[in-house]
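Have a look at target22.txt; it's compact mmCIF, N, CA and C atoms:
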```txt
# COMPACT_ATOMS: atom_id res chain seq x y z
N MET J 21 177.28 -52.07 -79.55
CA MET J 21 176.84 -53.20 -78.80
C MET J 21 175.98 -52.73 -77.62
N LEU J 22 174.83 -53.34 -77.44
CA LEU J 22 173.91 -52.99 -76.37
C LEU J 22 174.54 -53.21 -75.00
N GLN J 23 174.46 -52.18 -74.16
CA GLN J 23 174.96 -52.27 -72.78
C GLN J 23 173.79 -52.11 -71.82
N HIS J 24 174.00 -52.57 -70.60
CA HIS J 24 172.98 -52.47 -69.55
C HIS J 24 173.55 -51.64 -68.40
N TRP J 25 172.69 -50.80 -67.81
CA TRP J 25 173.14 -49.86 -66.80
C TRP J 25 172.20 -49.81 -65.61
N LEU J 26 172.72 -49.33 -64.50
CA LEU J 26 171.92 -48.95 -63.35
C LEU J 26 172.11 -47.44 -63.21
N LEU J 27 171.02 -46.69 -63.26
CA LEU J 27 171.06 -45.24 -63.15
C LEU J 27 170.62 -44.83 -61.75
N VAL J 28 171.46 -44.10 -61.05
CA VAL J 28 171.17 -43.66 -59.69
C VAL J 28 170.35 -42.38 -59.76
N ARG J 29 169.18 -42.40 -59.10
CA ARG J 29 168.27 -41.25 -59.08
C ARG J 29 168.11 -40.77 -57.63
N GLY J 30 168.03 -39.46 -57.44
CA GLY J 30 167.94 -38.89 -56.10
C GLY J 30 169.29 -38.92 -55.43
N ARG J 31 169.33 -38.41 -54.21
CA ARG J 31 170.57 -38.43 -53.43
C ARG J 31 170.26 -38.21 -51.97
N ALA J 32 171.23 -38.46 -51.14
CA ALA J 32 171.06 -38.30 -49.70
C ALA J 32 170.59 -36.88 -49.41
N GLY J 33 169.59 -36.75 -48.57
CA GLY J 33 169.05 -35.44 -48.24
C GLY J 33 168.03 -34.94 -49.26
N ARG J 34 167.88 -35.66 -50.36
CA ARG J 34 166.91 -35.26 -51.38
C ARG J 34 166.33 -36.53 -52.01
N LEU J 35 165.55 -37.25 -51.22
CA LEU J 35 164.97 -38.50 -51.66
C LEU J 35 163.86 -38.28 -52.69
N LEU J 36 163.70 -39.25 -53.55
CA LEU J 36 162.58 -39.21 -54.50
C LEU J 36 161.28 -39.44 -53.73
N PRO J 37 160.15 -38.88 -54.22
CA PRO J 37 158.87 -39.14 -53.56
C PRO J 37 158.45 -40.60 -53.74
N ASP J 38 157.61 -41.09 -52.84
CA ASP J 38 157.15 -42.48 -52.89
C ASP J 38 156.41 -42.79 -54.18
N ASP J 39 155.56 -41.87 -54.63
CA ASP J 39 154.82 -42.08 -55.88
C ASP J 39 155.75 -41.90 -57.07
N VAL J 40 155.80 -42.89 -57.95
CA VAL J 40 156.68 -42.84 -59.12
C VAL J 40 155.96 -42.16 -60.27
N ASP J 41 156.58 -41.15 -60.84
CA ASP J 41 156.03 -40.42 -61.99
C ASP J 41 156.85 -40.78 -63.22
N PRO J 42 156.30 -41.63 -64.11
CA PRO J 42 157.07 -42.00 -65.31
C PRO J 42 157.52 -40.80 -66.14
N ALA J 43 156.75 -39.70 -66.11
CA ALA J 43 157.12 -38.50 -66.88
C ALA J 43 158.42 -37.89 -66.36
N ALA J 44 158.78 -38.18 -65.11
CA ALA J 44 160.03 -37.65 -64.54
C ALA J 44 161.24 -38.43 -65.02
N LEU J 45 161.00 -39.51 -65.77
CA LEU J 45 162.10 -40.35 -66.26
C LEU J 45 162.38 -40.08 -67.74
N ARG J 46 162.50 -38.84 -68.10
CA ARG J 46 162.74 -38.46 -69.50
C ARG J 46 164.19 -38.19 -69.81
N GLY J 47 165.04 -38.10 -68.77
CA GLY J 47 166.45 -37.84 -68.99
C GLY J 47 167.26 -38.15 -67.75
N HIS J 48 168.56 -38.26 -67.93
CA HIS J 48 169.48 -38.55 -66.82
C HIS J 48 170.72 -37.70 -67.02
N SER J 49 171.25 -37.16 -65.93
CA SER J 49 172.41 -36.28 -65.99
C SER J 49 173.63 -36.91 -65.34
N SER J 50 174.80 -36.45 -65.77
CA SER J 50 176.06 -36.96 -65.26
C SER J 50 177.07 -35.82 -65.23
N THR J 51 178.03 -35.91 -64.30
CA THR J 51 179.06 -34.87 -64.21
C THR J 51 180.11 -35.03 -65.32
N ARG J 52 180.39 -36.27 -65.70
CA ARG J 52 181.37 -36.53 -66.75
C ARG J 52 180.69 -37.14 -67.97
N ARG J 53 181.37 -37.12 -69.11
CA ARG J 53 180.80 -37.69 -70.32
C ARG J 53 180.53 -39.17 -70.08
N PRO J 54 179.26 -39.56 -70.14
CA PRO J 54 178.93 -40.97 -69.87
C PRO J 54 179.26 -41.87 -71.05
N THR J 55 179.50 -43.13 -70.76
CA THR J 55 179.71 -44.12 -71.81
C THR J 55 178.39 -44.74 -72.24
N VAL J 56 177.31 -44.31 -71.61
CA VAL J 56 175.96 -44.74 -72.00
C VAL J 56 175.68 -44.25 -73.40
N GLN J 57 175.05 -45.08 -74.22
CA GLN J 57 174.77 -44.72 -75.61
C GLN J 57 173.31 -44.98 -75.96
N LYS J 58 172.86 -44.32 -77.00
CA LYS J 58 171.50 -44.51 -77.51
C LYS J 58 171.25 -46.00 -77.75
N ALA J 59 170.07 -46.48 -77.36
CA ALA J 59 169.59 -47.87 -77.49
C ALA J 59 170.00 -48.77 -76.33
N ASP J 60 170.87 -48.28 -75.42
CA ASP J 60 171.19 -49.06 -74.23
C ASP J 60 169.94 -49.16 -73.35
N LEU J 61 169.93 -50.15 -72.48
CA LEU J 61 168.83 -50.34 -71.53
C LEU J 61 169.35 -50.14 -70.12
N ALA J 62 168.47 -49.65 -69.24
CA ALA J 62 168.90 -49.37 -67.87
C ALA J 62 167.76 -49.62 -66.89
N VAL J 63 168.14 -49.83 -65.65
CA VAL J 63 167.19 -49.85 -64.54
C VAL J 63 167.50 -48.63 -63.68
N CYS J 64 166.45 -48.07 -63.09
CA CYS J 64 166.62 -46.90 -62.24
C CYS J 64 166.62 -47.32 -60.78
N TYR J 65 167.57 -46.77 -60.05
CA TYR J 65 167.78 -47.06 -58.63
C TYR J 65 167.48 -45.80 -57.83
N ALA J 66 166.62 -45.92 -56.81
CA ALA J 66 166.28 -44.78 -55.96
C ALA J 66 167.24 -44.73 -54.78
N SER J 67 168.16 -43.78 -54.83
CA SER J 67 169.12 -43.59 -53.75
C SER J 67 168.36 -43.25 -52.47
N GLY J 68 168.83 -43.76 -51.35
CA GLY J 68 168.14 -43.54 -50.08
C GLY J 68 167.10 -44.62 -49.83
N TRP J 69 166.24 -44.86 -50.80
CA TRP J 69 165.28 -45.96 -50.71
C TRP J 69 166.00 -47.30 -50.91
N GLN J 70 167.07 -47.27 -51.68
CA GLN J 70 167.89 -48.44 -52.00
C GLN J 70 167.08 -49.52 -52.73
N ASN J 71 166.29 -49.07 -53.70
CA ASN J 71 165.54 -50.06 -54.48
C ASN J 71 165.48 -49.68 -55.95
N LEU J 72 165.01 -50.64 -56.75
CA LEU J 72 164.89 -50.51 -58.20
C LEU J 72 163.44 -50.21 -58.54
N PHE J 73 163.21 -49.22 -59.43
CA PHE J 73 161.82 -48.84 -59.66
C PHE J 73 161.40 -48.68 -61.11
N ALA J 74 162.34 -48.78 -62.04
CA ALA J 74 161.95 -48.59 -63.44
C ALA J 74 162.96 -49.25 -64.38
N VAL J 75 162.46 -49.61 -65.56
CA VAL J 75 163.29 -50.03 -66.67
C VAL J 75 163.12 -48.97 -67.74
N VAL J 76 164.23 -48.48 -68.28
CA VAL J 76 164.19 -47.41 -69.29
C VAL J 76 165.10 -47.75 -70.47
N GLU J 77 164.79 -47.12 -71.59
CA GLU J 77 165.64 -47.21 -72.78
C GLU J 77 166.31 -45.86 -72.99
N VAL J 78 167.58 -45.86 -73.30
CA VAL J 78 168.30 -44.63 -73.63
C VAL J 78 167.94 -44.29 -75.08
N VAL J 79 167.31 -43.13 -75.28
CA VAL J 79 166.82 -42.78 -76.62
C VAL J 79 167.56 -41.61 -77.26
N GLY J 80 168.63 -41.16 -76.60
CA GLY J 80 169.44 -40.10 -77.18
C GLY J 80 170.88 -40.24 -76.75
N ASP J 81 171.79 -39.83 -77.60
CA ASP J 81 173.20 -39.85 -77.23
C ASP J 81 173.48 -38.76 -76.20
N PRO J 82 174.50 -38.94 -75.37
CA PRO J 82 174.84 -37.92 -74.37
C PRO J 82 175.15 -36.57 -75.03
N GLU J 83 174.61 -35.52 -74.41
CA GLU J 83 174.86 -34.16 -74.89
C GLU J 83 175.42 -33.32 -73.75
N ASN J 84 176.35 -32.44 -74.08
CA ASN J 84 176.98 -31.57 -73.10
C ASN J 84 176.31 -30.20 -73.12
N ASP J 85 175.96 -29.70 -71.94
CA ASP J 85 175.38 -28.36 -71.81
C ASP J 85 176.38 -27.49 -71.05
N PRO J 86 177.23 -26.74 -71.76
CA PRO J 86 178.27 -25.95 -71.09
C PRO J 86 177.71 -24.85 -70.21
N ALA J 87 176.43 -24.51 -70.34
CA ALA J 87 175.82 -23.49 -69.50
C ALA J 87 175.60 -23.99 -68.07
N ARG J 88 175.60 -25.29 -67.89
CA ARG J 88 175.39 -25.85 -66.55
C ARG J 88 176.72 -26.01 -65.84
N GLU J 89 176.74 -25.64 -64.57
CA GLU J 89 177.97 -25.77 -63.78
C GLU J 89 178.21 -27.21 -63.35
N ARG J 90 177.15 -27.90 -62.92
CA ARG J 90 177.24 -29.31 -62.53
C ARG J 90 176.30 -30.10 -63.41
N TRP J 91 176.55 -31.41 -63.47
CA TRP J 91 175.67 -32.31 -64.23
C TRP J 91 175.50 -31.83 -65.67
N ARG J 92 176.63 -31.50 -66.33
CA ARG J 92 176.61 -30.95 -67.68
C ARG J 92 176.16 -31.94 -68.76
N TRP J 93 176.41 -33.22 -68.51
CA TRP J 93 176.07 -34.23 -69.51
C TRP J 93 174.68 -34.78 -69.25
N ARG J 94 173.90 -34.94 -70.32
CA ARG J 94 172.53 -35.43 -70.18
C ARG J 94 172.19 -36.31 -71.38
N PHE J 95 171.40 -37.35 -71.12
CA PHE J 95 170.90 -38.18 -72.22
C PHE J 95 169.43 -38.48 -71.97
N ALA J 96 168.69 -38.61 -73.06
CA ALA J 96 167.24 -38.80 -72.99
C ALA J 96 166.88 -40.26 -72.72
N LEU J 97 165.78 -40.44 -71.99
CA LEU J 97 165.28 -41.77 -71.63
C LEU J 97 163.83 -41.93 -72.05
N ARG J 98 163.43 -43.18 -72.21
CA ARG J 98 162.02 -43.52 -72.42
C ARG J 98 161.68 -44.62 -71.42
N PRO J 99 160.73 -44.35 -70.51
CA PRO J 99 160.35 -45.38 -69.55
C PRO J 99 159.66 -46.56 -70.24
N LEU J 100 160.05 -47.78 -69.88
CA LEU J 100 159.44 -48.98 -70.43
C LEU J 100 158.56 -49.68 -69.39
N LEU J 101 158.95 -49.59 -68.13
CA LEU J 101 158.25 -50.30 -67.05
C LEU J 101 158.55 -49.58 -65.74
N THR J 102 157.51 -49.28 -64.95
CA THR J 102 157.73 -48.64 -63.66
C THR J 102 156.83 -49.27 -62.60
N VAL J 103 157.27 -49.19 -61.35
CA VAL J 103 156.41 -49.53 -60.23
C VAL J 103 155.61 -48.28 -59.89
N ARG J 104 154.53 -48.46 -59.16
CA ARG J 104 153.69 -47.30 -58.79
C ARG J 104 154.28 -46.51 -57.62
N ARG J 105 154.85 -47.27 -56.67
CA ARG J 105 155.35 -46.64 -55.45
C ARG J 105 156.74 -47.21 -55.11
N LEU J 106 157.63 -46.32 -54.69
CA LEU J 106 158.98 -46.77 -54.31
C LEU J 106 158.93 -47.71 -53.11
N SER J 107 157.98 -47.51 -52.23
CA SER J 107 157.87 -48.37 -51.05
C SER J 107 157.50 -49.80 -51.41
N GLU J 108 157.05 -50.04 -52.65
CA GLU J 108 156.70 -51.38 -53.11
C GLU J 108 157.73 -51.95 -54.09
N ALA J 109 158.79 -51.21 -54.33
CA ALA J 109 159.80 -51.60 -55.32
C ALA J 109 160.79 -52.61 -54.72
N PRO J 110 161.36 -53.46 -55.58
CA PRO J 110 162.32 -54.46 -55.08
C PRO J 110 163.65 -53.82 -54.66
N PRO J 111 164.34 -54.46 -53.72
CA PRO J 111 165.65 -53.93 -53.29
C PRO J 111 166.68 -54.07 -54.40
N VAL J 112 167.67 -53.22 -54.38
CA VAL J 112 168.72 -53.24 -55.40
C VAL J 112 169.47 -54.57 -55.39
N GLU J 113 169.49 -55.26 -54.27
CA GLU J 113 170.15 -56.56 -54.19
C GLU J 113 169.51 -57.58 -55.13
N ALA J 114 168.26 -57.34 -55.56
CA ALA J 114 167.59 -58.24 -56.51
C ALA J 114 168.37 -58.32 -57.82
N ALA J 115 169.18 -57.32 -58.11
CA ALA J 115 170.01 -57.32 -59.32
C ALA J 115 171.44 -57.76 -59.00
N GLY J 116 171.69 -58.20 -57.79
CA GLY J 116 173.04 -58.59 -57.43
C GLY J 116 173.96 -57.42 -57.20
N VAL J 117 173.39 -56.25 -56.87
CA VAL J 117 174.17 -55.04 -56.61
C VAL J 117 173.94 -54.65 -55.16
N PHE J 118 174.99 -54.24 -54.48
CA PHE J 118 174.86 -53.84 -53.09
C PHE J 118 175.02 -52.33 -52.98
N PRO J 119 174.17 -51.68 -52.19
CA PRO J 119 174.18 -50.21 -52.12
C PRO J 119 175.56 -49.62 -51.86
N ARG J 120 176.36 -50.26 -51.01
CA ARG J 120 177.68 -49.68 -50.69
C ARG J 120 178.61 -49.65 -51.90
N SER J 121 178.32 -50.46 -52.92
CA SER J 121 179.16 -50.48 -54.11
C SER J 121 178.87 -49.33 -55.07
N LEU J 122 177.79 -48.60 -54.81
CA LEU J 122 177.40 -47.52 -55.71
C LEU J 122 178.19 -46.24 -55.47
N GLY J 123 178.63 -46.03 -54.25
CA GLY J 123 179.45 -44.85 -53.95
C GLY J 123 178.83 -43.57 -54.46
N ARG J 124 179.60 -42.80 -55.17
CA ARG J 124 179.13 -41.50 -55.67
C ARG J 124 178.88 -41.54 -57.17
N HIS J 125 178.57 -42.70 -57.68
CA HIS J 125 178.34 -42.84 -59.12
C HIS J 125 176.93 -42.41 -59.50
N SER J 126 176.77 -41.89 -60.70
CA SER J 126 175.42 -41.59 -61.20
C SER J 126 174.92 -42.74 -62.08
N TYR J 127 175.83 -43.62 -62.48
CA TYR J 127 175.44 -44.81 -63.24
C TYR J 127 176.55 -45.85 -63.13
N ILE J 128 176.17 -47.14 -63.23
CA ILE J 128 177.17 -48.21 -63.28
C ILE J 128 176.72 -49.24 -64.31
N ARG J 129 177.67 -49.93 -64.87
CA ARG J 129 177.38 -50.97 -65.86
C ARG J 129 176.87 -52.23 -65.15
N LEU J 130 175.84 -52.85 -65.74
CA LEU J 130 175.32 -54.13 -65.25
C LEU J 130 175.63 -55.22 -66.26
N THR J 131 175.76 -56.43 -65.78
CA THR J 131 175.87 -57.56 -66.70
C THR J 131 174.47 -57.84 -67.25
N PRO J 132 174.36 -58.53 -68.39
CA PRO J 132 173.03 -58.90 -68.89
C PRO J 132 172.22 -59.69 -67.85
N ALA J 133 172.87 -60.55 -67.08
CA ALA J 133 172.16 -61.33 -66.06
C ALA J 133 171.65 -60.42 -64.94
N GLN J 134 172.45 -59.45 -64.51
CA GLN J 134 171.99 -58.51 -63.48
C GLN J 134 170.81 -57.69 -63.98
N PHE J 135 170.91 -57.22 -65.24
CA PHE J 135 169.81 -56.44 -65.82
C PHE J 135 168.53 -57.27 -65.87
N GLU J 136 168.62 -58.50 -66.34
CA GLU J 136 167.44 -59.35 -66.46
C GLU J 136 166.83 -59.65 -65.09
N ALA J 137 167.66 -59.89 -64.08
CA ALA J 137 167.15 -60.11 -62.73
C ALA J 137 166.41 -58.88 -62.22
N ALA J 138 166.97 -57.71 -62.49
CA ALA J 138 166.34 -56.46 -62.07
C ALA J 138 165.03 -56.25 -62.81
N ARG J 139 165.02 -56.48 -64.13
CA ARG J 139 163.81 -56.30 -64.92
C ARG J 139 162.70 -57.22 -64.42
N GLU J 140 163.03 -58.45 -64.13
CA GLU J 140 162.03 -59.41 -63.63
C GLU J 140 161.49 -58.98 -62.27
N ALA J 141 162.36 -58.50 -61.39
CA ALA J 141 161.93 -58.05 -60.07
C ALA J 141 161.02 -56.83 -60.16
N ILE J 142 161.35 -55.90 -61.05
CA ILE J 142 160.52 -54.70 -61.24
C ILE J 142 159.18 -55.10 -61.85
N ALA J 143 159.19 -55.99 -62.82
CA ALA J 143 157.94 -56.45 -63.45
C ALA J 143 157.04 -57.12 -62.42
N ALA J 144 157.60 -57.92 -61.54
CA ALA J 144 156.80 -58.59 -60.51
C ALA J 144 156.19 -57.56 -59.55
N ALA J 145 156.96 -56.55 -59.18
CA ALA J 145 156.46 -55.51 -58.27
C ALA J 145 155.43 -54.61 -58.94
N ALA J 146 155.51 -54.48 -60.25
CA ALA J 146 154.58 -53.60 -60.99
C ALA J 146 153.21 -54.25 -61.18
N ARG J 147 153.12 -55.58 -61.03
CA ARG J 147 151.85 -56.28 -61.23
C ARG J 147 150.87 -55.96 -60.14
```

Now that the file is in, can you turn its structure into structure tokens?
Amino acid sequence: MLQHWLLVRGRAGRLLPDDVDPAALRGHSSTRRPTVQKADLAVCYASGWQNLFAVVEVVGDPENDPARERWRWRFALRPLLTVRRLSEAPPVEAAGVFPRSLGRHSYIRLTPAQFEAAREAIAAAAR
């Protein structure tokens, strides 16, 4: 069954650059085995900026890389829609999500309504 996600990108002290590079959205890492699956849809959230900047499709099942000490789990992404600049991207609240609720997560599940609100906000900002 198709699920919707918010993927947290960047972190405190290591913000993403203002210019969005769709080529940088080819994969996402997690410390634990994610419940994200191939064909799921997600929006990308820029930590620190506190905004939404891309819609992506999960195009590969999660894979474990035991050679990595942290962020061992990774899954492939395909960008579907991106804004040009993070400074022009909609706030995460546009999806009904509040930054303080994200904590230390690398991804969280969204309802279909939250995903659609986020997708519409990103599409409007990308125009």

- prompt: Tell me, which residues of chain J carry DSSP alpha helix (DSSP H), written as a PyMOL selection string?
  reply: chain J and resi 132-146

For stretch 29-61 of chain J against stretch 107-112 of chain J, with a cut-off of 8 Å and counting only N, CA and C atoms, what is the closest atom pair and its distance in Å to one decimal for every residue that makes the cut, ordered by chain and number, as CSV?
```
residue,atom,partner,partner_atom,distance
J:Pro37,C,J:Ser107,N,7.1
J:Asp38,CA,J:Ser107,N,5.1
J:Asp39,N,J:Ser107,N,6.6
J:Val40,N,J:Ser107,N,7.7
```

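Residues in contact with stretch 67-76 of chain J at 7 Å, where only C-alpha atoms are counted and same-chain residues fewer than 2 positions away are skipped, are listed as Val28, Arg29, Gly30, Arg31, Ala32, Leu35, Leu61, Ala62, Val63, Cys64, Tyr65, Val78, Leu97, Arg98, Pro99, Leu100, Leu101, Thr102, Val103, Leu106, Ala109, Pro110, Pro111, Val112, Pro119, Arg139 and Ile142 of chain J.
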
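Among the candidates J:Arg88, J:Arg120, J:Arg34, J:Arg94, the one nearest to J:Ser49 when counting all atoms listed in the file is J:Arg94.
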
How big is the axis-aligned box around all listed atoms of stretch 122-135 of chain J once 3 Å goes on each side, and where's its centre, in Å to one decimal, as JSON?
```
{"center_x": 174.1, "center_y": -51.4, "center_z": -61.4, "size_x": 17.1, "size_y": 25.8, "size_z": 20.9}
```

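Applying the 6.5 Å criterion to (172.1, -55.6, -60.5) in file coordinates and using only N, CA and C atoms, one obtains the residues Val112, Glu113, Ala114, Ala115, Gly116, Val117, Leu130, Thr131, Gln134, Phe135 and Ala138 of chain J.
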
Write the residues you've just listed into a file as a PDB file, in the frame of the given file, and include N, CA and C atoms for each of them.
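Output (result_20.pdb):
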```pdb
ATOM      1  N   VAL J 112     167.670 -53.220 -54.380  1.00  0.00           N
ATOM      2  CA  VAL J 112     168.720 -53.240 -55.400  1.00  0.00           C
ATOM      3  C   VAL J 112     169.470 -54.570 -55.390  1.00  0.00           C
ATOM      4  N   GLU J 113     169.490 -55.260 -54.270  1.00  0.00           N
ATOM      5  CA  GLU J 113     170.150 -56.560 -54.190  1.00  0.00           C
ATOM      6  C   GLU J 113     169.510 -57.580 -55.130  1.00  0.00           C
ATOM      7  N   ALA J 114     168.260 -57.340 -55.560  1.00  0.00           N
ATOM      8  CA  ALA J 114     167.590 -58.240 -56.510  1.00  0.00           C
ATOM      9  C   ALA J 114     168.370 -58.320 -57.820  1.00  0.00           C
ATOM     10  N   ALA J 115     169.180 -57.320 -58.110  1.00  0.00           N
ATOM     11  CA  ALA J 115     170.010 -57.320 -59.320  1.00  0.00           C
ATOM     12  C   ALA J 115     171.440 -57.760 -59.000  1.00  0.00           C
ATOM     13  N   GLY J 116     171.690 -58.200 -57.790  1.00  0.00           N
ATOM     14  CA  GLY J 116     173.040 -58.590 -57.430  1.00  0.00           C
ATOM     15  C   GLY J 116     173.960 -57.420 -57.200  1.00  0.00           C
ATOM     16  N   VAL J 117     173.390 -56.250 -56.870  1.00  0.00           N
ATOM     17  CA  VAL J 117     174.170 -55.040 -56.610  1.00  0.00           C
ATOM     18  C   VAL J 117     173.940 -54.650 -55.160  1.00  0.00           C
ATOM     19  N   LEU J 130     175.840 -52.850 -65.740  1.00  0.00           N
ATOM     20  CA  LEU J 130     175.320 -54.130 -65.250  1.00  0.00           C
ATOM     21  C   LEU J 130     175.630 -55.220 -66.260  1.00  0.00           C
ATOM     22  N   THR J 131     175.760 -56.430 -65.780  1.00  0.00           N
ATOM     23  CA  THR J 131     175.870 -57.560 -66.700  1.00  0.00           C
ATOM     24  C   THR J 131     174.470 -57.840 -67.250  1.00  0.00           C
ATOM     25  N   GLN J 134     172.450 -59.450 -64.510  1.00  0.00           N
ATOM     26  CA  GLN J 134     171.990 -58.510 -63.480  1.00  0.00           C
ATOM     27  C   GLN J 134     170.810 -57.690 -63.980  1.00  0.00           C
ATOM     28  N   PHE J 135     170.910 -57.220 -65.240  1.00  0.00           N
ATOM     29  CA  PHE J 135     169.810 -56.440 -65.820  1.00  0.00           C
ATOM     30  C   PHE J 135     168.530 -57.270 -65.870  1.00  0.00           C
ATOM     31  N   ALA J 138     166.970 -57.710 -62.490  1.00  0.00           N
ATOM     32  CA  ALA J 138     166.340 -56.460 -62.070  1.00  0.00           C
ATOM     33  C   ALA J 138     165.030 -56.250 -62.810  1.00  0.00           C
TER      34      ALA J 138
END
```

Backbone DSSP call of strand (DSSP E or B) for chain J, listed as a PyMOL selection string: chain J and resi 24-29+31+34+39+47-50+61-66+71-78+83-84+93-102+105+111+127-130

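From atom N of J:Trp25 back to atom N of J:Ala137, the distance works out to 11.0 Å.
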
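Here atom N of J:Pro42 and atom CA of J:Lys58 stand 20.5 Å from one another.
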
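Note that the spacing between atom C of J:Pro54 and atom C of J:Glu89 amounts to 16.6 Å.
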
query: Which residues, written as a PyMOL selection string, have at least one atom at most 6.5 Å from J:Leu22, with all atoms listed in the file counted and residues fewer than 2 positions away on the same chain left out?
result: chain J and resi 24+59-61

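The nearest approach to J:Ala66 among the residues J:Leu27, J:Val79, J:Ala133, J:Ala43, with only C-alpha atoms taken into account, belongs to J:Leu27.
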
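Nearest residue to J:Asp41 among J:Arg105, J:Glu140, J:Asp81, J:Ile128 is J:Arg105, counting only C-alpha atoms.
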
- request: With a distance cut-off of 10 Å and only C-alpha atoms, select the neighbouring residues of J:Asn84, excluding the residue or stretch itself and same-chain residues fewer than 5 positions from it, and output the selection as a list in words.
  value: Ser49, Ser50, Thr51, Arg52, Arg53, Trp91, Arg92, Trp93, Arg94 and Phe95 of chain J
